[in-house]
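A short worksheet on the structure shown next.
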Amino acid sequence: MEMPTPDQNILNRKADIVARLQGILPIGCVIHAPEETHAYECDALTAYRCPPLAVVLPETTEQVAAVLKLCHQQGLPVVPRGAGTSLAGGSMPTADAIVLGTAKLNDVLETDYDNRFIRVQSGRTNLSVTGAVEENGFFYAPDPSSQLACAIAGNIAMNSGGAHCLKYGVTTNNLLGVRIVTIEGEILDIGGAFMDAAGLDLLGLICGSEGQLGVVTEATLRILPQPEGARPVLIGFDDSEVAGACVSDVIKAGILPVAIEFMDRLCIEVTENFAGAGYPDCNALLIVEVEGSDAEIDAQLARISEIAERYNPVEIRASRSAEESAKIWLGRKSAFGAVGQINDYICLDGTIPVSQLPLVLRRINELSAEYGLQVGNVFHAGDGNMHPLVLFDANKPGDLEKCEAMGAEILKLCVSVGGCLTGEHGVGVEKRELMSHQYAPDDLDLQMSVKDVFDPSWLLNPAKVFPLSASASRRASEAAQ
Amino acid sequence: MIPTSEEALAEAVKSASGPFAVRGNGSAGVVSDHPVLTAKGLTGVSLYEPGALTLVVKAGTPVSEVETVLAAENQRLAFEPMNLRGIMGGTEEGTIGGVVASNRSGPRRLAVGACRDFALGVRFVDGMGRIIKNGGRVMKNVTGYDLVKLMAGSHGTLGVLTEVSLKVLPMPETSATLTLHGLSDAQAVAAMSKALGSPYEVTGAAHAPVGPDGSAVTVLRLEGFEESVSYRAAALQGFLGLRCAQQIEADAAIWEWVRDAQPMHYPEGNVWRLSVKPSDAPDVVARVPAQAALYDWGGGLIWLRCAEDVDVRAHMAGVDGHATLVRGASFARFHPQSAGVAALSKGLRLKFDPKGLLNPGLMG
Ligand SMILES: Cc1cc2nc3c(=O)[nH]c(=O)nc-3n(C[C@H](O)[C@H](O)[C@H](O)COP(=O)(O)OP(=O)(O)OC[C@H]3O[C@@H](n4cnc5c(N)ncnc54)[C@H](O)[C@@H]3O)c2cc1C
């Protein structure tokens, strides 16, 4: 992974910079010894890593502001970091960068059930937001699979999704406001416990901006009353095109499932060996989950089964109890882990129009044969967000490169059928160079000019999101300052 | 100017010698001295995939035409865009680009999201005459910055929308409305909050101190499959512990009344639209000397009709939220922002429209 050459000047000043950071932060909030910065040298895209100059873990928004002000004055690149679970290298540092972590910002500041929101510090983990309100019958809807670990800060930066987003939307649809600190150290409140922006929708712009516009320290999130219940139906098909058609019919019928998940044969077999969920022997499997009272669930599952029957399913298995539901979900939930047991893999994240599913699956099979690499498909079928898992052998020289090349082909394919490079993981460093396949130079220039407004000297997470060549002149003018 | 292609529109901006008033069909009634540049010459559906719940449509297409196309597939714009004609007294119908540019949403916004939440992609011409695209036509897309959200609600100040792609939803099989009579504003907001905190998926919650029949009325809407709606209507009444009149189907009229803010239609006075925390709403309404009020979004949205000299914002001191002057000219149209936020907004405008061609003066 090509990253800009670190600024030698900054590297030489390390001792001085660390002393200044220690001067503005409490004891224990600055990490600089190489053996300790180790933990911050990569995120969940572990193939790429680099130790940062130093790591700071401020305890208040004001401390974040002080750090950013200093970094701005000193011209230091800053890499904001939540829990470091990004799959796109979003929180991977460079050697001359300060990692600004939110680990110590995890308080609940306000819960309001009448107005249905919670205000939290941004380092709080996704699951513990729901944890704070579930006793009162509420939940926070976006639920990335990493929800036990990932922070709201990272969710906002990546506009993360989850299994339930078919019904409840992704982070941006559930975010009411943020407190954000600019690179100059100014603290701003954008949005709040009310709906829609007063002026331009800066909140919508900040969500998904991958830590490049400012550091989010607090968030006001919409919370929802828990449904009475939820249960899935599992449907097996001999053919994945048929499964795709069934998905489209379910959606058209006006049933609004919370989730429609898809697995192909490779994933079914691997997870079956790993978790023994009792999945049928078939080429494509759908798990469709609906919510409501028991009777409502039964009625919806009956409607879905009726649609599925038209497509000659191998099996339809509607859950009747919590245990049966858990068993149906078991395989799907262990899919990534199960594939990881048999092989190294990279997980792609392109989205396609649902109608293009048959074509894309066929083309992925052809690419798999061409490259001689196996691919497993497990994804959110309801919204076309695919997660092809391309298997490779990390010990075999050249295999990772081959795998990445094939991944790039698949993502370009997603774009060419009307989709996009990333549905929920973000661009980071991983898909940076592919951006020019989705966007024309003017499109990218205008996006980069947004960063010019928020961060004129391009210090915040500078070498991410945009192709290095496209952002070069902007980053260089910063270095010259 | 009424360009009939995206290229012609871009050319018009590129070769402009002075500012434009950017318009759809002008139904929002914003006044300006500048020559009009409208997208209403760009019409038609570019792509509609009912099975994928996506519609791509040229920005100048009338909203009614979009709704007709969707209805043929038993689908709809779920964010329920309001029709401003009643308030503005105009005859022009809104365009879909105008709806997106002003992020115009109706009662269902509180349950399913605003127009901006249904906007999947945009094409627009920026102030330099460049044709820009952002987002796309898929439900999940985090590729690059989300300029779609930024364009939604930018009121033509950042670019002229030429095409939008929207997520659409199926029409529900049926809908039911529970009506509560004679509640005070505070009781009504409390009842709406309770209903919205229930698991019964209320898709509309509004209160009119003076309803269609002249007395206070509070309405709660449920939508979905027949069996589900009747179950939820009964369960919700039990949960609220209040006696309600229940109307299954044929409730469209009252929701149109709410959506288009009927109590605001009287042609005199200023019309304001406030976004606040629902529990603050009754207090705000009590403070403002208004001629008419309407609560939507469970109290999160307030419509007020007041004399021209009433400064609604002055009465919002200490309350989080914002007020837009929808009709009238005696105050600024948009709520003032904090200095830092205003500076960012201004900075964005300078990047998107460095020559100040697009709706100068609007939005600060
Ligand atoms: C096993 C696994 C499963 C996953 N499943 C999903 C899934 O289902 N759906 C999904 O969407 N993602 C998923 N992810 C990806 C990842 O968890 C999400 O992107 C998550 O939101 C990252 O959160 P984080 O706190 O770990 O952020 P980090 O990795 O620390 O950072 C992510 C980005 O946020 C920026 N950032 C961090 N903090 C701030 C801040 N305070 N202000 C501004 N910017 C900031 C960083 O600079 C970086 O660009 C998964 C990852 C793993 C490892």
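All residue names refer to the structure tokens as shown: chains lettered A, B, ... in order, residues numbered from 1 in each chain, ligands numbered from 1 in order.
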
(message) Show me which residues are within 6 Å of ligand 1 counting only C-alpha atoms and all ligand atoms, and format the list as a PyMOL selection string.
(response) chain A and resi 43-44+79-87+90-91+102+144-146+150-151+153-155+157-158+160-162+210-211+214-217+424-425

Now that the selection is made, can you save its residues with C-alpha atoms as a PDB file, in the first residue's frame?
```pdb
ATOM      1  CA  ASP A  43      -6.994  -1.425  12.087  1.00  0.00           C
ATOM      2  CA  ALA A  44      -8.862  -4.560  10.987  1.00  0.00           C
ATOM      3  CA  VAL A  79      -5.562  10.197  12.367  1.00  0.00           C
ATOM      4  CA  PRO A  80      -8.787   9.992  14.398  1.00  0.00           C
ATOM      5  CA  ARG A  81      -9.473   6.557  15.779  1.00  0.00           C
ATOM      6  CA  GLY A  82     -12.433   4.883  17.419  1.00  0.00           C
ATOM      7  CA  ALA A  83     -11.971   1.187  18.147  1.00  0.00           C
ATOM      8  CA  GLY A  84      -9.800   0.433  15.146  1.00  0.00           C
ATOM      9  CA  THR A  85     -12.167  -2.069  13.530  1.00  0.00           C
ATOM     10  CA  SER A  86     -12.200  -0.385  10.130  1.00  0.00           C
ATOM     11  CA  LEU A  87     -11.882  -2.902   7.314  1.00  0.00           C
ATOM     12  CA  GLY A  90      -9.448   4.145   7.700  1.00  0.00           C
ATOM     13  CA  SER A  91      -7.649   4.419  11.012  1.00  0.00           C
ATOM     14  CA  THR A 102     -11.701   8.251  21.555  1.00  0.00           C
ATOM     15  CA  PRO A 144     -22.655  -3.522  12.434  1.00  0.00           C
ATOM     16  CA  SER A 145     -21.455  -7.093  13.082  1.00  0.00           C
ATOM     17  CA  SER A 146     -18.537  -5.492  14.908  1.00  0.00           C
ATOM     18  CA  CYS A 150     -16.682  -0.578  17.272  1.00  0.00           C
ATOM     19  CA  ALA A 151     -17.244   2.956  18.520  1.00  0.00           C
ATOM     20  CA  ALA A 153     -17.156   7.694  16.381  1.00  0.00           C
ATOM     21  CA  GLY A 154     -16.094   5.134  13.791  1.00  0.00           C
ATOM     22  CA  ASN A 155     -19.726   4.384  12.885  1.00  0.00           C
ATOM     23  CA  ALA A 157     -17.092   8.439  10.217  1.00  0.00           C
ATOM     24  CA  MET A 158     -17.882   5.386   8.070  1.00  0.00           C
ATOM     25  CA  SER A 160     -21.806   2.148   9.086  1.00  0.00           C
ATOM     26  CA  GLY A 161     -24.658  -0.207   8.378  1.00  0.00           C
ATOM     27  CA  GLY A 162     -25.690  -3.521   9.825  1.00  0.00           C
ATOM     28  CA  GLU A 210     -14.003   9.135   7.258  1.00  0.00           C
ATOM     29  CA  GLY A 211     -12.439  11.391   9.866  1.00  0.00           C
ATOM     30  CA  GLY A 214     -13.171  17.049  12.058  1.00  0.00           C
ATOM     31  CA  VAL A 215     -13.091  14.954  15.214  1.00  0.00           C
ATOM     32  CA  VAL A 216     -16.496  13.957  16.548  1.00  0.00           C
ATOM     33  CA  THR A 217     -16.598  13.856  20.347  1.00  0.00           C
ATOM     34  CA  GLU A 424     -20.751   0.272   4.450  1.00  0.00           C
ATOM     35  CA  HIS A 425     -17.035  -0.252   5.115  1.00  0.00           C
TER      36      HIS A 425
END
```

(message) Could you pull out the strand (DSSP E) residues of segment 51-183 of chain B, going by DSSP on the backbone, and write them as number ranges by chain?
(response) B: 54-58, 75-76, 119-126, 131-135, 159-167, 169-170, 174-181

(request) Would you give me, as number ranges by chain, the residues of chain B that come within 6 Å of chain A, using only C-alpha atoms? (result) B: 51-52, 132, 138-143, 145-146, 149-150, 154, 170, 193, 197-199, 228, 276-277, 322, 347

Let me see the file: selected residues, C-alpha atoms, as a PDB file, in the first residue's frame.
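Saved to out.pdb:
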```
ATOM      1  CA  GLY B  51     -38.250  -4.679  -7.438  1.00  0.00           C
ATOM      2  CA  ALA B  52     -35.241  -2.704  -6.247  1.00  0.00           C
ATOM      3  CA  ILE B 132     -21.366  16.726 -11.025  1.00  0.00           C
ATOM      4  CA  VAL B 138     -28.262   1.792  -4.673  1.00  0.00           C
ATOM      5  CA  MET B 139     -29.535   1.715  -1.101  1.00  0.00           C
ATOM      6  CA  LYS B 140     -26.184   1.487   0.570  1.00  0.00           C
ATOM      7  CA  ASN B 141     -23.369   3.667  -0.600  1.00  0.00           C
ATOM      8  CA  VAL B 142     -20.546   5.179   1.435  1.00  0.00           C
ATOM      9  CA  THR B 143     -18.214   5.801  -1.483  1.00  0.00           C
ATOM     10  CA  TYR B 145     -18.396  12.212   0.718  1.00  0.00           C
ATOM     11  CA  ASP B 146     -22.175  12.316   0.890  1.00  0.00           C
ATOM     12  CA  LYS B 149     -27.372  14.934   1.763  1.00  0.00           C
ATOM     13  CA  LEU B 150     -25.688  18.292   1.316  1.00  0.00           C
ATOM     14  CA  SER B 154     -29.478  23.391  -0.069  1.00  0.00           C
ATOM     15  CA  PRO B 170     -44.582  -0.078  -1.518  1.00  0.00           C
ATOM     16  CA  SER B 193     -44.729  10.637  22.686  1.00  0.00           C
ATOM     17  CA  GLY B 197     -42.490   5.031  22.241  1.00  0.00           C
ATOM     18  CA  SER B 198     -44.701   1.976  21.712  1.00  0.00           C
ATOM     19  CA  PRO B 199     -43.748  -0.946  19.465  1.00  0.00           C
ATOM     20  CA  SER B 228     -51.449  -6.052  11.461  1.00  0.00           C
ATOM     21  CA  VAL B 276     -37.890  21.490  18.129  1.00  0.00           C
ATOM     22  CA  LYS B 277     -37.730  18.750  20.699  1.00  0.00           C
ATOM     23  CA  HIS B 322     -34.768  26.270  14.467  1.00  0.00           C
ATOM     24  CA  GLY B 347     -16.985  28.286   2.771  1.00  0.00           C
TER      25      GLY B 347
END
```

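Atom pair atom CA of Leu411 of chain A / atom CA of Ala335 of chain A has a distance of 21.1 Å (rounded to one decimal).
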
So that I can see what lies close to Gly26 of chain B, please list as a short mmCIF file (atom, residue, chain, number, x, y, z; two decimals) with N, CA, C and O atoms, in the first residue's frame the residues with an atom at most 9 Å from it, counting only C-alpha atoms and leaving out residues fewer than 5 positions away in the same chain.
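Printed below is part-v4.cif as written:
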```cif
data_model
loop_
_atom_site.label_atom_id
_atom_site.label_comp_id
_atom_site.auth_asym_id
_atom_site.auth_seq_id
_atom_site.Cartn_x
_atom_site.Cartn_y
_atom_site.Cartn_z
N THR B 38 -34.41 27.62 -14.45
CA THR B 38 -35.21 26.52 -13.91
C THR B 38 -34.82 25.18 -14.53
O THR B 38 -34.38 25.12 -15.68
N GLY B 90 -50.07 29.81 -4.62
CA GLY B 90 -49.69 29.73 -6.03
C GLY B 90 -50.51 28.69 -6.76
O GLY B 90 -51.35 27.99 -6.18
N GLU B 92 -48.68 26.90 -9.25
CA GLU B 92 -47.67 26.02 -9.82
C GLU B 92 -47.50 24.78 -8.96
O GLU B 92 -47.51 24.84 -7.74
N GLU B 93 -47.27 23.69 -9.66
CA GLU B 93 -47.06 22.45 -8.95
C GLU B 93 -45.56 22.26 -8.71
O GLU B 93 -44.75 22.68 -9.52
N GLY B 94 -45.20 21.63 -7.59
CA GLY B 94 -43.79 21.41 -7.30
C GLY B 94 -43.15 20.40 -8.23
O GLY B 94 -43.80 19.51 -8.76
N THR B 95 -41.82 20.57 -8.44
CA THR B 95 -41.06 19.57 -9.18
C THR B 95 -40.33 18.69 -8.18
O THR B 95 -40.09 19.09 -7.04
N GLY B 98 -37.29 20.33 -6.87
CA GLY B 98 -37.59 21.32 -5.84
C GLY B 98 -37.82 20.66 -4.49
O GLY B 98 -37.41 21.17 -3.45
#
```

(message) Just list as a PyMOL selection string whatever in segment 364-444 of chain A DSSP marks as alpha helix (DSSP H).
(response) chain A and resi 364-371+399-416+435-438+441-444

File dump, residues just selected, C-alpha atoms, as an mmCIF file, in the first residue's frame:
```
data_model
loop_
_atom_site.group_PDB
_atom_site.id
_atom_site.type_symbol
_atom_site.label_atom_id
_atom_site.label_comp_id
_atom_site.auth_asym_id
_atom_site.auth_seq_id
_atom_site.Cartn_x
_atom_site.Cartn_y
_atom_site.Cartn_z
ATOM 1 C CA ILE A 364 -17.738 -13.376 -10.056
ATOM 2 C CA ASN A 365 -17.667 -17.110 -10.781
ATOM 3 C CA GLU A 366 -15.879 -16.461 -14.060
ATOM 4 C CA LEU A 367 -13.336 -14.207 -12.347
ATOM 5 C CA SER A 368 -12.840 -16.854 -9.697
ATOM 6 C CA ALA A 369 -11.939 -19.359 -12.407
ATOM 7 C CA GLU A 370 -9.694 -16.871 -14.219
ATOM 8 C CA TYR A 371 -7.707 -15.973 -11.118
ATOM 9 C CA ASP A 399 -1.282 -14.506 -3.567
ATOM 10 C CA LEU A 400 -2.394 -11.387 -1.654
ATOM 11 C CA GLU A 401 -1.596 -9.204 -4.662
ATOM 12 C CA LYS A 402 -3.528 -11.552 -6.941
ATOM 13 C CA CYS A 403 -6.423 -11.529 -4.512
ATOM 14 C CA GLU A 404 -6.444 -7.724 -4.379
ATOM 15 C CA ALA A 405 -6.357 -7.503 -8.142
ATOM 16 C CA MET A 406 -9.350 -9.789 -8.366
ATOM 17 C CA GLY A 407 -11.118 -7.806 -5.626
ATOM 18 C CA ALA A 408 -10.583 -4.650 -7.653
ATOM 19 C CA GLU A 409 -12.104 -6.355 -10.714
ATOM 20 C CA ILE A 410 -15.183 -7.284 -8.706
ATOM 21 C CA LEU A 411 -15.601 -3.758 -7.359
ATOM 22 C CA LYS A 412 -15.245 -2.272 -10.843
ATOM 23 C CA LEU A 413 -17.910 -4.719 -11.931
ATOM 24 C CA CYS A 414 -20.199 -3.440 -9.164
ATOM 25 C CA VAL A 415 -19.712 0.109 -10.431
ATOM 26 C CA SER A 416 -20.268 -0.840 -14.052
ATOM 27 C CA MET A 435 -12.418 6.055 -6.689
ATOM 28 C CA SER A 436 -11.688 7.275 -10.188
ATOM 29 C CA HIS A 437 -13.722 4.354 -11.534
ATOM 30 C CA GLN A 438 -16.809 5.636 -9.827
ATOM 31 C CA PRO A 441 -12.233 14.201 -11.984
ATOM 32 C CA ASP A 442 -14.723 17.060 -11.434
ATOM 33 C CA ASP A 443 -16.764 14.916 -9.024
ATOM 34 C CA LEU A 444 -13.639 14.157 -7.000
#
```

(message) Residues within 12 Å of segment 68-73 of chain A, please, as a PyMOL selection string. Count only C-alpha atoms; anything in the same chain fewer than 2 positions from it doesn't count.
(response) chain A and resi 10+17-25+54+56+58+61-66+75-80+96-100+180-187+214-216+455-460+478+481

(request) Write out as JSON, numbers by chain which residues come within 12 Å of Glu268 of chain B when counting only C-alpha atoms, dropping same-chain ones fewer than 4 positions away. (result) {"B": [87, 88, 89, 263, 264, 291, 292, 305, 306, 307, 308, 327, 328]}

Grab the residues selected above and save them as a CSV table (one decimal), in the first residue's frame with N, CA and C atoms.
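Resulting contents of part-v1.csv:
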```csv
chain,number,residue,atom,x,y,z
B,87,ILE,N,-50.3,27.1,1.1
B,87,ILE,CA,-49.7,28.1,1.9
B,87,ILE,C,-49.3,29.3,1.0
B,88,MET,N,-48.7,29.0,-0.1
B,88,MET,CA,-48.1,30.1,-0.9
B,88,MET,C,-49.2,30.7,-1.8
B,89,GLY,N,-50.3,30.1,-1.9
B,89,GLY,CA,-51.4,30.6,-2.8
B,89,GLY,C,-51.1,30.5,-4.2
B,263,PRO,N,-54.2,24.6,8.4
B,263,PRO,CA,-54.5,25.9,9.2
B,263,PRO,C,-53.6,27.0,8.8
B,264,MET,N,-52.6,26.8,8.0
B,264,MET,CA,-51.7,27.9,7.6
B,264,MET,C,-52.2,28.5,6.3
B,291,GLN,N,-51.8,33.1,15.3
B,291,GLN,CA,-53.2,33.1,15.0
B,291,GLN,C,-53.7,31.6,14.7
B,292,ALA,N,-52.7,30.8,14.4
B,292,ALA,CA,-53.0,29.4,14.2
B,292,ALA,C,-51.8,28.5,14.5
B,305,ARG,N,-48.9,30.4,12.3
B,305,ARG,CA,-49.3,31.6,11.5
B,305,ARG,C,-49.4,32.8,12.4
B,306,CYS,N,-48.7,33.8,12.1
B,306,CYS,CA,-48.6,34.9,13.0
B,306,CYS,C,-48.7,36.2,12.3
B,307,ALA,N,-48.9,37.3,13.0
B,307,ALA,CA,-48.9,38.7,12.4
B,307,ALA,C,-47.4,38.9,11.9
B,308,GLU,N,-47.3,39.8,11.0
B,308,GLU,CA,-46.0,40.0,10.4
B,308,GLU,C,-44.9,40.5,11.3
B,327,ARG,N,-43.5,31.6,4.7
B,327,ARG,CA,-44.2,32.7,3.9
B,327,ARG,C,-44.1,34.0,4.7
B,328,GLY,N,-43.7,35.0,4.0
B,328,GLY,CA,-43.5,36.3,4.6
B,328,GLY,C,-42.1,36.8,4.3
```

(request) Tell me which protein, DNA and RNA residues are within 9 Å of Asp309 of chain B, counting only C-alpha atoms, leaving out same-chain ones fewer than 6 positions away, and put them as a PyMOL selection string. (result) chain B and resi 270+330-331

(request) Fewer than 6 positions away in the same chain doesn't count, so skip those; otherwise give me all residues within 6 Å of segment 254-261 of chain B, counting only C-alpha atoms, as a list in words. (result) Met82, Asn83, Gly106 and Pro107 of chain B

(request) Record the distance separating atom CA of Pro313 of chain A and atom CA of Asp238 of chain A, expressed in Å with one decimal. (result) 7.2 Å
